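Structure data follow from query-v7.pdb (PDB, C-alpha atoms):
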```pdb
ATOM      1  CA  LYS A 258     -84.061 -31.817 -25.203  1.00  0.00           C
ATOM      2  CA  ASN A 259     -83.936 -29.828 -28.445  1.00  0.00           C
ATOM      3  CA  GLN A 260     -81.959 -31.643 -31.113  1.00  0.00           C
ATOM      4  CA  VAL A 261     -81.133 -31.261 -34.801  1.00  0.00           C
ATOM      5  CA  GLU A 262     -79.913 -34.284 -36.748  1.00  0.00           C
ATOM      6  CA  GLN A 263     -78.493 -33.985 -40.254  1.00  0.00           C
ATOM      7  CA  SER A 264     -77.836 -36.624 -42.845  1.00  0.00           C
ATOM      8  CA  PRO A 265     -75.778 -37.698 -44.551  1.00  0.00           C
ATOM      9  CA  GLN A 266     -72.713 -36.706 -42.558  1.00  0.00           C
ATOM     10  CA  SER A 267     -70.777 -36.366 -45.802  1.00  0.00           C
ATOM     11  CA  LEU A 268     -71.560 -36.674 -49.490  1.00  0.00           C
ATOM     12  CA  ILE A 269     -69.516 -36.764 -52.681  1.00  0.00           C
ATOM     13  CA  ILE A 270     -71.186 -36.147 -56.052  1.00  0.00           C
ATOM     14  CA  LEU A 271     -70.091 -35.293 -59.573  1.00  0.00           C
ATOM     15  CA  GLU A 272     -70.358 -31.782 -60.896  1.00  0.00           C
ATOM     16  CA  GLY A 273     -73.681 -31.178 -62.578  1.00  0.00           C
ATOM     17  CA  LYS A 274     -75.575 -33.747 -60.512  1.00  0.00           C
ATOM     18  CA  ASN A 275     -78.345 -32.984 -58.038  1.00  0.00           C
ATOM     19  CA  CYS A 276     -78.356 -33.844 -54.352  1.00  0.00           C
ATOM     20  CA  THR A 277     -80.591 -33.589 -51.301  1.00  0.00           C
ATOM     21  CA  LEU A 278     -79.526 -32.994 -47.728  1.00  0.00           C
ATOM     22  CA  GLN A 279     -81.760 -33.861 -44.788  1.00  0.00           C
ATOM     23  CA  CYS A 280     -82.461 -32.225 -41.442  1.00  0.00           C
ATOM     24  CA  ASN A 281     -84.668 -33.714 -38.705  1.00  0.00           C
ATOM     25  CA  TYR A 282     -85.402 -31.732 -35.575  1.00  0.00           C
ATOM     26  CA  THR A 283     -87.147 -32.024 -32.239  1.00  0.00           C
ATOM     27  CA  VAL A 284     -87.042 -28.318 -31.334  1.00  0.00           C
ATOM     28  CA  SER A 285     -90.179 -27.037 -29.660  1.00  0.00           C
ATOM     29  CA  PRO A 286     -91.932 -24.668 -29.854  1.00  0.00           C
ATOM     30  CA  PHE A 287     -90.766 -24.198 -33.421  1.00  0.00           C
ATOM     31  CA  SER A 288     -90.105 -20.719 -34.757  1.00  0.00           C
ATOM     32  CA  ASN A 289     -88.046 -21.094 -37.911  1.00  0.00           C
ATOM     33  CA  LEU A 290     -85.398 -23.180 -39.636  1.00  0.00           C
ATOM     34  CA  ARG A 291     -82.388 -21.882 -41.499  1.00  0.00           C
ATOM     35  CA  TRP A 292     -79.885 -23.538 -43.777  1.00  0.00           C
ATOM     36  CA  TYR A 293     -76.367 -22.140 -43.674  1.00  0.00           C
ATOM     37  CA  LYS A 294     -73.507 -22.780 -46.090  1.00  0.00           C
ATOM     38  CA  GLN A 295     -70.025 -22.822 -44.623  1.00  0.00           C
ATOM     39  CA  ASP A 296     -67.069 -22.799 -46.987  1.00  0.00           C
ATOM     40  CA  THR A 297     -63.826 -24.241 -45.648  1.00  0.00           C
ATOM     41  CA  GLY A 298     -62.119 -21.728 -43.379  1.00  0.00           C
ATOM     42  CA  ARG A 299     -65.018 -19.283 -43.520  1.00  0.00           C
ATOM     43  CA  GLY A 300     -67.969 -18.424 -41.320  1.00  0.00           C
ATOM     44  CA  PRO A 301     -71.442 -19.811 -42.105  1.00  0.00           C
ATOM     45  CA  VAL A 302     -73.684 -17.794 -44.434  1.00  0.00           C
ATOM     46  CA  SER A 303     -77.470 -18.029 -44.415  1.00  0.00           C
ATOM     47  CA  LEU A 304     -79.059 -19.584 -47.519  1.00  0.00           C
ATOM     48  CA  THR A 305     -82.743 -19.781 -46.657  1.00  0.00           C
ATOM     49  CA  ILE A 306     -85.178 -19.387 -43.792  1.00  0.00           C
ATOM     50  CA  MET A 307     -88.302 -21.477 -43.400  1.00  0.00           C
ATOM     51  CA  THR A 308     -91.164 -20.535 -41.104  1.00  0.00           C
ATOM     52  CA  PHE A 309     -93.967 -22.774 -39.903  1.00  0.00           C
ATOM     53  CA  SER A 310     -96.324 -21.918 -42.749  1.00  0.00           C
ATOM     54  CA  GLU A 311     -93.815 -22.347 -45.558  1.00  0.00           C
ATOM     55  CA  ASN A 312     -93.401 -25.636 -47.389  1.00  0.00           C
ATOM     56  CA  THR A 313     -90.798 -24.712 -49.937  1.00  0.00           C
ATOM     57  CA  LYS A 314     -88.476 -21.843 -50.728  1.00  0.00           C
ATOM     58  CA  SER A 315     -85.885 -21.408 -53.439  1.00  0.00           C
ATOM     59  CA  ASN A 316     -82.683 -19.421 -53.623  1.00  0.00           C
ATOM     60  CA  GLY A 317     -81.186 -19.924 -57.049  1.00  0.00           C
ATOM     61  CA  ARG A 318     -80.155 -23.559 -57.397  1.00  0.00           C
ATOM     62  CA  TYR A 319     -80.968 -24.203 -53.736  1.00  0.00           C
ATOM     63  CA  THR A 320     -84.482 -25.302 -52.754  1.00  0.00           C
ATOM     64  CA  ALA A 321     -85.436 -25.883 -49.146  1.00  0.00           C
ATOM     65  CA  THR A 322     -88.528 -27.754 -48.014  1.00  0.00           C
ATOM     66  CA  LEU A 323     -90.161 -27.987 -44.618  1.00  0.00           C
ATOM     67  CA  ASP A 324     -92.647 -30.499 -43.238  1.00  0.00           C
ATOM     68  CA  ALA A 325     -93.654 -29.133 -39.847  1.00  0.00           C
ATOM     69  CA  ASP A 326     -95.764 -32.207 -39.086  1.00  0.00           C
ATOM     70  CA  THR A 327     -92.901 -34.663 -39.395  1.00  0.00           C
ATOM     71  CA  LYS A 328     -90.329 -32.046 -38.301  1.00  0.00           C
ATOM     72  CA  GLN A 329     -88.177 -32.568 -41.333  1.00  0.00           C
ATOM     73  CA  SER A 330     -86.463 -30.232 -43.759  1.00  0.00           C
ATOM     74  CA  SER A 331     -84.448 -30.863 -46.871  1.00  0.00           C
ATOM     75  CA  LEU A 332     -82.082 -28.798 -48.959  1.00  0.00           C
ATOM     76  CA  HIS A 333     -81.987 -29.725 -52.625  1.00  0.00           C
ATOM     77  CA  ILE A 334     -79.126 -28.531 -54.802  1.00  0.00           C
ATOM     78  CA  THR A 335     -79.688 -28.601 -58.534  1.00  0.00           C
ATOM     79  CA  ALA A 336     -76.967 -28.852 -61.192  1.00  0.00           C
ATOM     80  CA  SER A 337     -74.184 -28.784 -58.633  1.00  0.00           C
ATOM     81  CA  GLN A 338     -71.092 -26.684 -59.197  1.00  0.00           C
ATOM     82  CA  LEU A 339     -67.599 -26.979 -57.745  1.00  0.00           C
ATOM     83  CA  SER A 340     -68.310 -23.905 -55.625  1.00  0.00           C
ATOM     84  CA  ASP A 341     -71.084 -25.813 -53.849  1.00  0.00           C
ATOM     85  CA  SER A 342     -68.432 -27.817 -52.010  1.00  0.00           C
ATOM     86  CA  ALA A 343     -68.964 -26.808 -48.393  1.00  0.00           C
ATOM     87  CA  SER A 344     -70.608 -27.805 -45.143  1.00  0.00           C
ATOM     88  CA  TYR A 345     -74.342 -27.201 -44.934  1.00  0.00           C
ATOM     89  CA  ILE A 346     -75.670 -26.573 -41.455  1.00  0.00           C
ATOM     90  CA  CYS A 347     -79.296 -26.717 -40.362  1.00  0.00           C
ATOM     91  CA  VAL A 348     -80.229 -24.357 -37.512  1.00  0.00           C
ATOM     92  CA  VAL A 349     -83.613 -24.447 -35.810  1.00  0.00           C
ATOM     93  CA  SER A 350     -84.926 -21.582 -33.729  1.00  0.00           C
ATOM     94  CA  ALA A 351     -87.376 -22.035 -30.843  1.00  0.00           C
ATOM     95  CA  LYS A 352     -89.910 -19.355 -30.005  1.00  0.00           C
ATOM     96  CA  SER A 353     -89.242 -17.041 -27.102  1.00  0.00           C
ATOM     97  CA  GLY A 354     -85.621 -17.878 -26.851  1.00  0.00           C
ATOM     98  CA  GLY A 355     -84.511 -20.166 -24.118  1.00  0.00           C
ATOM     99  CA  GLY A 356     -80.960 -21.406 -23.851  1.00  0.00           C
ATOM    100  CA  ALA A 357     -78.488 -20.194 -26.444  1.00  0.00           C
ATOM    101  CA  ASP A 358     -81.142 -17.791 -27.632  1.00  0.00           C
ATOM    102  CA  GLY A 359     -83.232 -20.797 -28.593  1.00  0.00           C
ATOM    103  CA  LEU A 360     -80.967 -21.816 -31.471  1.00  0.00           C
ATOM    104  CA  THR A 361     -80.069 -25.449 -32.011  1.00  0.00           C
ATOM    105  CA  PHE A 362     -77.384 -26.296 -34.566  1.00  0.00           C
ATOM    106  CA  GLY A 363     -76.965 -29.492 -36.514  1.00  0.00           C
ATOM    107  CA  LYS A 364     -73.476 -30.891 -37.053  1.00  0.00           C
ATOM    108  CA  GLY A 365     -73.676 -30.237 -40.768  1.00  0.00           C
ATOM    109  CA  THR A 366     -73.360 -32.229 -43.979  1.00  0.00           C
ATOM    110  CA  HIS A 367     -69.983 -32.013 -45.672  1.00  0.00           C
ATOM    111  CA  LEU A 368     -70.575 -31.876 -49.424  1.00  0.00           C
ATOM    112  CA  ILE A 369     -67.810 -32.417 -51.970  1.00  0.00           C
ATOM    113  CA  ILE A 370     -68.396 -31.762 -55.657  1.00  0.00           C
ATOM    114  CA  GLN A 371     -65.970 -33.571 -57.928  1.00  0.00           C
ATOM    115  CA  PRO A 372     -65.206 -32.419 -61.491  1.00  0.00           C
TER     116      PRO A 372
ATOM    117  CA  GLY B 262     -66.199  -3.177 -43.487  1.00  0.00           C
ATOM    118  CA  ALA B 263     -69.871  -4.002 -43.208  1.00  0.00           C
ATOM    119  CA  GLY B 264     -69.495  -7.524 -41.889  1.00  0.00           C
ATOM    120  CA  VAL B 265     -68.521  -9.099 -38.589  1.00  0.00           C
ATOM    121  CA  SER B 266     -64.797  -8.779 -38.016  1.00  0.00           C
ATOM    122  CA  GLN B 267     -62.783 -11.171 -35.884  1.00  0.00           C
ATOM    123  CA  THR B 268     -59.166 -10.868 -34.832  1.00  0.00           C
ATOM    124  CA  PRO B 269     -56.776 -12.532 -34.848  1.00  0.00           C
ATOM    125  CA  SER B 270     -57.647 -14.879 -37.690  1.00  0.00           C
ATOM    126  CA  ASN B 271     -55.075 -17.328 -36.396  1.00  0.00           C
ATOM    127  CA  LYS B 272     -53.520 -17.681 -32.967  1.00  0.00           C
ATOM    128  CA  VAL B 273     -50.931 -20.218 -31.899  1.00  0.00           C
ATOM    129  CA  THR B 274     -50.120 -20.344 -28.225  1.00  0.00           C
ATOM    130  CA  GLU B 275     -48.555 -22.613 -25.666  1.00  0.00           C
ATOM    131  CA  LYS B 276     -50.415 -24.595 -23.069  1.00  0.00           C
ATOM    132  CA  GLY B 277     -51.048 -22.511 -19.966  1.00  0.00           C
ATOM    133  CA  LYS B 278     -51.015 -19.142 -21.713  1.00  0.00           C
ATOM    134  CA  TYR B 279     -53.754 -16.503 -21.725  1.00  0.00           C
ATOM    135  CA  VAL B 280     -55.578 -15.656 -24.963  1.00  0.00           C
ATOM    136  CA  GLU B 281     -57.978 -12.924 -26.041  1.00  0.00           C
ATOM    137  CA  LEU B 282     -60.114 -13.135 -29.167  1.00  0.00           C
ATOM    138  CA  ARG B 283     -61.894 -10.041 -30.418  1.00  0.00           C
ATOM    139  CA  CYS B 284     -65.175  -9.636 -32.281  1.00  0.00           C
ATOM    140  CA  ASP B 285     -66.423  -6.455 -33.902  1.00  0.00           C
ATOM    141  CA  PRO B 286     -70.096  -6.971 -34.848  1.00  0.00           C
ATOM    142  CA  ILE B 287     -72.152  -5.314 -37.536  1.00  0.00           C
ATOM    143  CA  SER B 288     -73.005  -1.796 -36.439  1.00  0.00           C
ATOM    144  CA  GLY B 289     -76.395  -1.592 -34.737  1.00  0.00           C
ATOM    145  CA  HIS B 290     -76.725  -5.312 -34.056  1.00  0.00           C
ATOM    146  CA  THR B 291     -77.845  -5.781 -30.483  1.00  0.00           C
ATOM    147  CA  ALA B 292     -77.219  -9.504 -30.162  1.00  0.00           C
ATOM    148  CA  LEU B 293     -73.734 -11.011 -30.260  1.00  0.00           C
ATOM    149  CA  TYR B 294     -72.870 -14.686 -30.059  1.00  0.00           C
ATOM    150  CA  TRP B 295     -69.739 -16.744 -29.533  1.00  0.00           C
ATOM    151  CA  TYR B 296     -69.486 -20.302 -30.838  1.00  0.00           C
ATOM    152  CA  ARG B 297     -66.712 -22.869 -30.878  1.00  0.00           C
ATOM    153  CA  GLN B 298     -66.329 -25.213 -33.817  1.00  0.00           C
ATOM    154  CA  SER B 299     -64.157 -28.288 -33.924  1.00  0.00           C
ATOM    155  CA  LEU B 300     -63.189 -29.999 -37.165  1.00  0.00           C
ATOM    156  CA  GLY B 301     -66.137 -31.745 -38.774  1.00  0.00           C
ATOM    157  CA  GLN B 302     -68.608 -30.475 -36.205  1.00  0.00           C
ATOM    158  CA  GLY B 303     -71.292 -27.837 -36.175  1.00  0.00           C
ATOM    159  CA  PRO B 304     -70.834 -24.676 -34.115  1.00  0.00           C
ATOM    160  CA  GLU B 305     -71.160 -25.212 -30.365  1.00  0.00           C
ATOM    161  CA  PHE B 306     -72.801 -22.396 -28.418  1.00  0.00           C
ATOM    162  CA  LEU B 307     -70.694 -20.627 -25.799  1.00  0.00           C
ATOM    163  CA  ILE B 308     -72.363 -17.350 -24.825  1.00  0.00           C
ATOM    164  CA  TYR B 309     -74.582 -14.630 -26.177  1.00  0.00           C
ATOM    165  CA  PHE B 310     -75.068 -10.977 -25.312  1.00  0.00           C
ATOM    166  CA  GLN B 311     -78.006  -8.653 -25.597  1.00  0.00           C
ATOM    167  CA  GLY B 312     -76.429  -5.249 -25.433  1.00  0.00           C
ATOM    168  CA  THR B 313     -73.776  -5.207 -22.727  1.00  0.00           C
ATOM    169  CA  GLY B 314     -75.059  -8.061 -20.621  1.00  0.00           C
ATOM    170  CA  ALA B 315     -74.518 -11.766 -21.067  1.00  0.00           C
ATOM    171  CA  ALA B 316     -78.027 -13.100 -21.614  1.00  0.00           C
ATOM    172  CA  ASP B 317     -76.883 -16.707 -21.552  1.00  0.00           C
ATOM    173  CA  ASP B 318     -73.422 -18.015 -20.741  1.00  0.00           C
ATOM    174  CA  SER B 319     -74.462 -21.617 -20.197  1.00  0.00           C
ATOM    175  CA  GLY B 320     -72.247 -22.847 -23.013  1.00  0.00           C
ATOM    176  CA  LEU B 321     -68.966 -21.725 -21.517  1.00  0.00           C
ATOM    177  CA  PRO B 322     -67.194 -25.007 -20.735  1.00  0.00           C
ATOM    178  CA  ASN B 323     -65.559 -23.908 -17.480  1.00  0.00           C
ATOM    179  CA  ASP B 324     -64.370 -20.882 -15.524  1.00  0.00           C
ATOM    180  CA  ARG B 325     -61.273 -20.494 -17.682  1.00  0.00           C
ATOM    181  CA  PHE B 326     -63.545 -18.978 -20.326  1.00  0.00           C
ATOM    182  CA  PHE B 327     -64.960 -15.492 -19.971  1.00  0.00           C
ATOM    183  CA  ALA B 328     -66.416 -12.940 -22.380  1.00  0.00           C
ATOM    184  CA  VAL B 329     -67.220  -9.258 -22.123  1.00  0.00           C
ATOM    185  CA  ARG B 330     -68.996  -6.653 -24.193  1.00  0.00           C
ATOM    186  CA  PRO B 331     -68.542  -3.494 -22.105  1.00  0.00           C
ATOM    187  CA  GLU B 332     -70.046  -0.944 -24.497  1.00  0.00           C
ATOM    188  CA  GLY B 333     -72.548  -3.139 -26.252  1.00  0.00           C
ATOM    189  CA  SER B 334     -70.517  -3.377 -29.436  1.00  0.00           C
ATOM    190  CA  VAL B 335     -67.080  -5.057 -29.530  1.00  0.00           C
ATOM    191  CA  SER B 336     -66.751  -8.271 -27.555  1.00  0.00           C
ATOM    192  CA  THR B 337     -63.698 -10.103 -26.271  1.00  0.00           C
ATOM    193  CA  LEU B 338     -63.552 -13.802 -25.488  1.00  0.00           C
ATOM    194  CA  LYS B 339     -60.894 -14.522 -22.885  1.00  0.00           C
ATOM    195  CA  ILE B 340     -59.362 -17.911 -22.208  1.00  0.00           C
ATOM    196  CA  GLN B 341     -57.096 -18.417 -19.234  1.00  0.00           C
ATOM    197  CA  ARG B 342     -54.570 -21.227 -18.737  1.00  0.00           C
ATOM    198  CA  THR B 343     -55.199 -22.596 -22.204  1.00  0.00           C
ATOM    199  CA  GLU B 344     -55.276 -26.341 -22.742  1.00  0.00           C
ATOM    200  CA  ARG B 345     -54.710 -28.364 -25.900  1.00  0.00           C
ATOM    201  CA  GLY B 346     -58.394 -29.231 -25.918  1.00  0.00           C
ATOM    202  CA  ASP B 347     -59.223 -25.557 -26.385  1.00  0.00           C
ATOM    203  CA  SER B 348     -57.874 -25.742 -29.938  1.00  0.00           C
ATOM    204  CA  ALA B 349     -60.745 -24.928 -32.295  1.00  0.00           C
ATOM    205  CA  VAL B 350     -62.201 -22.205 -34.474  1.00  0.00           C
ATOM    206  CA  TYR B 351     -64.002 -19.600 -32.407  1.00  0.00           C
ATOM    207  CA  LEU B 352     -66.841 -18.033 -34.370  1.00  0.00           C
ATOM    208  CA  CYS B 353     -68.545 -14.784 -33.538  1.00  0.00           C
ATOM    209  CA  ALA B 354     -71.934 -13.805 -34.945  1.00  0.00           C
ATOM    210  CA  SER B 355     -74.204 -10.830 -34.555  1.00  0.00           C
ATOM    211  CA  SER B 356     -77.906 -10.362 -35.145  1.00  0.00           C
ATOM    212  CA  PRO B 357     -80.127  -7.308 -35.432  1.00  0.00           C
ATOM    213  CA  THR B 358     -82.629  -8.879 -33.065  1.00  0.00           C
ATOM    214  CA  VAL B 359     -82.815 -11.915 -30.855  1.00  0.00           C
ATOM    215  CA  HIS B 360     -84.887 -15.075 -31.300  1.00  0.00           C
ATOM    216  CA  THR B 361     -84.858 -14.956 -35.108  1.00  0.00           C
ATOM    217  CA  GLY B 362     -81.899 -17.186 -35.868  1.00  0.00           C
ATOM    218  CA  GLU B 363     -80.647 -14.616 -38.380  1.00  0.00           C
ATOM    219  CA  LEU B 364     -76.969 -14.725 -37.607  1.00  0.00           C
ATOM    220  CA  PHE B 365     -74.206 -12.966 -39.476  1.00  0.00           C
ATOM    221  CA  PHE B 366     -70.956 -14.762 -38.825  1.00  0.00           C
ATOM    222  CA  GLY B 367     -67.386 -13.581 -38.862  1.00  0.00           C
ATOM    223  CA  GLU B 368     -64.639 -15.634 -40.455  1.00  0.00           C
ATOM    224  CA  GLY B 369     -63.582 -17.055 -37.119  1.00  0.00           C
ATOM    225  CA  SER B 370     -60.408 -17.114 -35.071  1.00  0.00           C
ATOM    226  CA  ARG B 371     -58.475 -20.357 -35.324  1.00  0.00           C
ATOM    227  CA  LEU B 372     -56.837 -21.115 -31.988  1.00  0.00           C
ATOM    228  CA  THR B 373     -54.104 -23.730 -31.741  1.00  0.00           C
ATOM    229  CA  VAL B 374     -52.740 -24.625 -28.320  1.00  0.00           C
ATOM    230  CA  LEU B 375     -49.440 -26.494 -28.473  1.00  0.00           C
TER     231      LEU B 375
END
```

Can you dump the structure from the file as structure tokens?
Amino acid sequence: KNQVEQSPQSLIILEGKNCTLQCNYTVSPFSNLRWYKQDTGRGPVSLTIMTFSENTKSNGRYTATLDADTKQSSLHITASQLSDSASYICVVSAKSGGGADGLTFGKGTHLIIQP
Amino acid sequence: GAGVSQTPSNKVTEKGKYVELRCDPISGHTALYWYRQSLGQGPEFLIYFQGTGAADDSGLPNDRFFAVRPEGSVSTLKIQRTERGDSAVYLCASSPTVHTGELFFGEGSRLTVL
């Protein structure tokens, strides 16, 4: 069964600090992995996409990594800001669809940035 | 607007009532998805459409839930005989193609069943 596990479930850090969120998956055959940011009361917004051949990708202060061998991804946030407070959801896509269009969602990490 | 539009943004109803939630996707997007999200959880798949047809409705929890997309654009999620357990945020997303995971989400419709 395809699964996506995220950790930690929640995280509180001080403004300006760095943090790393983890995503482990068992989706097969793997197509791509996306990190979404979901602000409270809003819909998720895509931050990055990682394909099989990509190890790291940055989007401003966000850097995503992918290890396709261990089936792990991380999202590193540098110099956190109050606006980074949100839920971060890992979504893994399987090739050729399958159920739910082959998308498996993690439950998300709830990040709180404190001033 | 250019994004996915969902209405109503909030809906409060009584147990046993019928509810319709509407999604207007990004123009030209062929794939449309419905998800349900409870507090502190990730989105839970309900159904997705390719064009007018439901390509996969395996996530619909029971026969009280039904969704249509008659002209391949706007979709309506219909819930009959609502129950308190149906209370959640219902998210709609659209995608220009399928199998890519590139979803553009609406802001959601928050349903509260009293």

With the cut-off set at 9 Å and counting all atoms listed in the file, tabulate each residue of chain A with an atom at most that distance from an atom of chain B, showing the nearest atom pair and its distance in Å to one decimal, ordered by chain and increasing number, as JSON lines.
```
{"residue": "A:Ser288", "atom": "CA", "partner": "B:Thr361", "partner_atom": "CA", "distance": 7.8}
{"residue": "A:Asn289", "atom": "CA", "partner": "B:Thr361", "partner_atom": "CA", "distance": 7.5}
{"residue": "A:Leu290", "atom": "CA", "partner": "B:Gly362", "partner_atom": "CA", "distance": 7.9}
{"residue": "A:Arg291", "atom": "CA", "partner": "B:Gly362", "partner_atom": "CA", "distance": 7.3}
{"residue": "A:Gly298", "atom": "CA", "partner": "B:Glu368", "partner_atom": "CA", "distance": 7.2}
{"residue": "A:Arg299", "atom": "CA", "partner": "B:Glu368", "partner_atom": "CA", "distance": 4.8}
{"residue": "A:Gly300", "atom": "CA", "partner": "B:Glu368", "partner_atom": "CA", "distance": 4.4}
{"residue": "A:Pro301", "atom": "CA", "partner": "B:Phe366", "partner_atom": "CA", "distance": 6.0}
{"residue": "A:Val302", "atom": "CA", "partner": "B:Phe366", "partner_atom": "CA", "distance": 6.9}
{"residue": "A:Ser303", "atom": "CA", "partner": "B:Leu364", "partner_atom": "CA", "distance": 7.6}
{"residue": "A:Ile306", "atom": "CA", "partner": "B:Glu363", "partner_atom": "CA", "distance": 8.5}
{"residue": "A:Ser344", "atom": "CA", "partner": "B:Gly301", "partner_atom": "CA", "distance": 8.7}
{"residue": "A:Ile346", "atom": "CA", "partner": "B:Gly303", "partner_atom": "CA", "distance": 7.0}
{"residue": "A:Val348", "atom": "CA", "partner": "B:Gly362", "partner_atom": "CA", "distance": 7.5}
{"residue": "A:Val349", "atom": "CA", "partner": "B:Gly362", "partner_atom": "CA", "distance": 7.5}
{"residue": "A:Ser350", "atom": "CA", "partner": "B:Gly362", "partner_atom": "CA", "distance": 5.8}
{"residue": "A:Ala351", "atom": "CA", "partner": "B:His360", "partner_atom": "CA", "distance": 7.4}
{"residue": "A:Lys352", "atom": "CA", "partner": "B:His360", "partner_atom": "CA", "distance": 6.7}
{"residue": "A:Ser353", "atom": "CA", "partner": "B:His360", "partner_atom": "CA", "distance": 6.4}
{"residue": "A:Gly354", "atom": "CA", "partner": "B:His360", "partner_atom": "CA", "distance": 5.3}
{"residue": "A:Gly355", "atom": "CA", "partner": "B:Asp317", "partner_atom": "CA", "distance": 8.8}
{"residue": "A:Gly356", "atom": "CA", "partner": "B:Asp317", "partner_atom": "CA", "distance": 6.6}
{"residue": "A:Ala357", "atom": "CA", "partner": "B:Asp317", "partner_atom": "CA", "distance": 6.2}
{"residue": "A:Asp358", "atom": "CA", "partner": "B:His360", "partner_atom": "CA", "distance": 5.9}
{"residue": "A:Gly359", "atom": "CA", "partner": "B:His360", "partner_atom": "CA", "distance": 6.5}
{"residue": "A:Leu360", "atom": "CA", "partner": "B:Gly362", "partner_atom": "CA", "distance": 6.5}
{"residue": "A:Thr361", "atom": "CA", "partner": "B:Phe306", "partner_atom": "CA", "distance": 8.7}
{"residue": "A:Phe362", "atom": "CA", "partner": "B:Gly303", "partner_atom": "CA", "distance": 6.5}
{"residue": "A:Gly363", "atom": "CA", "partner": "B:Gly303", "partner_atom": "CA", "distance": 5.9}
{"residue": "A:Lys364", "atom": "CA", "partner": "B:Gly303", "partner_atom": "CA", "distance": 3.9}
{"residue": "A:Gly365", "atom": "CA", "partner": "B:Gly303", "partner_atom": "CA", "distance": 5.7}
{"residue": "A:Thr366", "atom": "CA", "partner": "B:Gly301", "partner_atom": "CA", "distance": 8.9}
{"residue": "A:His367", "atom": "CA", "partner": "B:Gly301", "partner_atom": "CA", "distance": 7.9}
```

Given the PyMOL selection byres ((chain A and resi 340) around 10) and the file above, list the residues it selects as a PDB file with C-alpha atoms, in the frame of the given file.
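New file part05.pdb:
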```
ATOM      1  CA  GLU A 272     -70.358 -31.782 -60.896  1.00  0.00           C
ATOM      2  CA  ASP A 296     -67.069 -22.799 -46.987  1.00  0.00           C
ATOM      3  CA  SER A 337     -74.184 -28.784 -58.633  1.00  0.00           C
ATOM      4  CA  GLN A 338     -71.092 -26.684 -59.197  1.00  0.00           C
ATOM      5  CA  LEU A 339     -67.599 -26.979 -57.745  1.00  0.00           C
ATOM      6  CA  ASP A 341     -71.084 -25.813 -53.849  1.00  0.00           C
ATOM      7  CA  SER A 342     -68.432 -27.817 -52.010  1.00  0.00           C
ATOM      8  CA  ALA A 343     -68.964 -26.808 -48.393  1.00  0.00           C
ATOM      9  CA  ILE A 369     -67.810 -32.417 -51.970  1.00  0.00           C
ATOM     10  CA  ILE A 370     -68.396 -31.762 -55.657  1.00  0.00           C
TER      11      ILE A 370
END
```

- [ ] Kindly give the distance, in Å, that separates atom CA of B:Ala349 and atom CA of B:Gln267, rounded to a single decimal.
- [x]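 Computed distance, atom CA of B:Ala349 to atom CA of B:Gln267, equals 14.4 Å.
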
Task: Distance of atom CA of B:Phe327 from atom CA of B:Thr274, expressed in Å to one decimal place - done: 17.7 Å

Any idea what's packed within 10 Å of B:Asp347, counting all atoms listed in the file, ignoring anything in its chain fewer than 3 positions away? Could you give it as a PDB file with C-alpha atoms, in the frame of the given file?
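Here's the written file part-v1.pdb:
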```pdb
ATOM      1  CA  LYS B 276     -50.415 -24.595 -23.069  1.00  0.00           C
ATOM      2  CA  ARG B 297     -66.712 -22.869 -30.878  1.00  0.00           C
ATOM      3  CA  SER B 299     -64.157 -28.288 -33.924  1.00  0.00           C
ATOM      4  CA  PRO B 322     -67.194 -25.007 -20.735  1.00  0.00           C
ATOM      5  CA  PHE B 326     -63.545 -18.978 -20.326  1.00  0.00           C
ATOM      6  CA  ILE B 340     -59.362 -17.911 -22.208  1.00  0.00           C
ATOM      7  CA  ARG B 342     -54.570 -21.227 -18.737  1.00  0.00           C
ATOM      8  CA  THR B 343     -55.199 -22.596 -22.204  1.00  0.00           C
ATOM      9  CA  GLU B 344     -55.276 -26.341 -22.742  1.00  0.00           C
ATOM     10  CA  VAL B 350     -62.201 -22.205 -34.474  1.00  0.00           C
ATOM     11  CA  TYR B 351     -64.002 -19.600 -32.407  1.00  0.00           C
ATOM     12  CA  LEU B 372     -56.837 -21.115 -31.988  1.00  0.00           C
ATOM     13  CA  THR B 373     -54.104 -23.730 -31.741  1.00  0.00           C
ATOM     14  CA  VAL B 374     -52.740 -24.625 -28.320  1.00  0.00           C
TER      15      VAL B 374
END
```

Task: Residues within 7 Å of A:Ile334, only C-alpha atoms, excluding chain neighbours under 4 positions, as a list in words - done: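 These residues fall inside the cut-off: Asn275, Cys276, Thr277, Arg318, Tyr319 and Thr320 of chain A.
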
Task: Atom pair atom CA of A:Lys328 / atom CA of A:Thr283: separation (Å) - done: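 Separation between atom CA of A:Lys328 and atom CA of A:Thr283: 6.8 Å.
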
- [ ] Identify all residues satisfying the PyMOL selection byres ((chain B and resi 284) around 7) in the given file; provide them as a PyMOL selection string.
- [x] chain B and resi 266-268+282-283+285-286+335-337+353

Report the centre and edge lengths, in Å to one decimal, of an axis-aligned box enclosing every atom of stretch 349-360 of chain B listed in the file, padded by 3 Å on each side, as lines of an AutoDock Vina configuration file.
```
center_x = -72.8
center_y = -16.1
center_z = -33.1
size_x = 30.1
size_y = 23.6
size_z = 10.6
```

TODO: Could you state which residues are captured by the PyMOL selection byres ((chain A and resi 282) around 8) in this file, as a VMD selection string?
DONE: chain A and resid 259 to 262 280 to 281 283 to 284 328 to 329 349

Task: Contact residues around A:Ser330 with only C-alpha atoms at 8 Å, ignoring same-chain residues under 3 positions, as a ChimeraX atom specification - done: /A:279-281,321-324

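With all atoms listed in the file as the atoms that count, the minimum distance from B:Gly289 to the choices B:Ala263, B:Leu375, B:Leu338, B:Ala315 is reached by B:Ala263.
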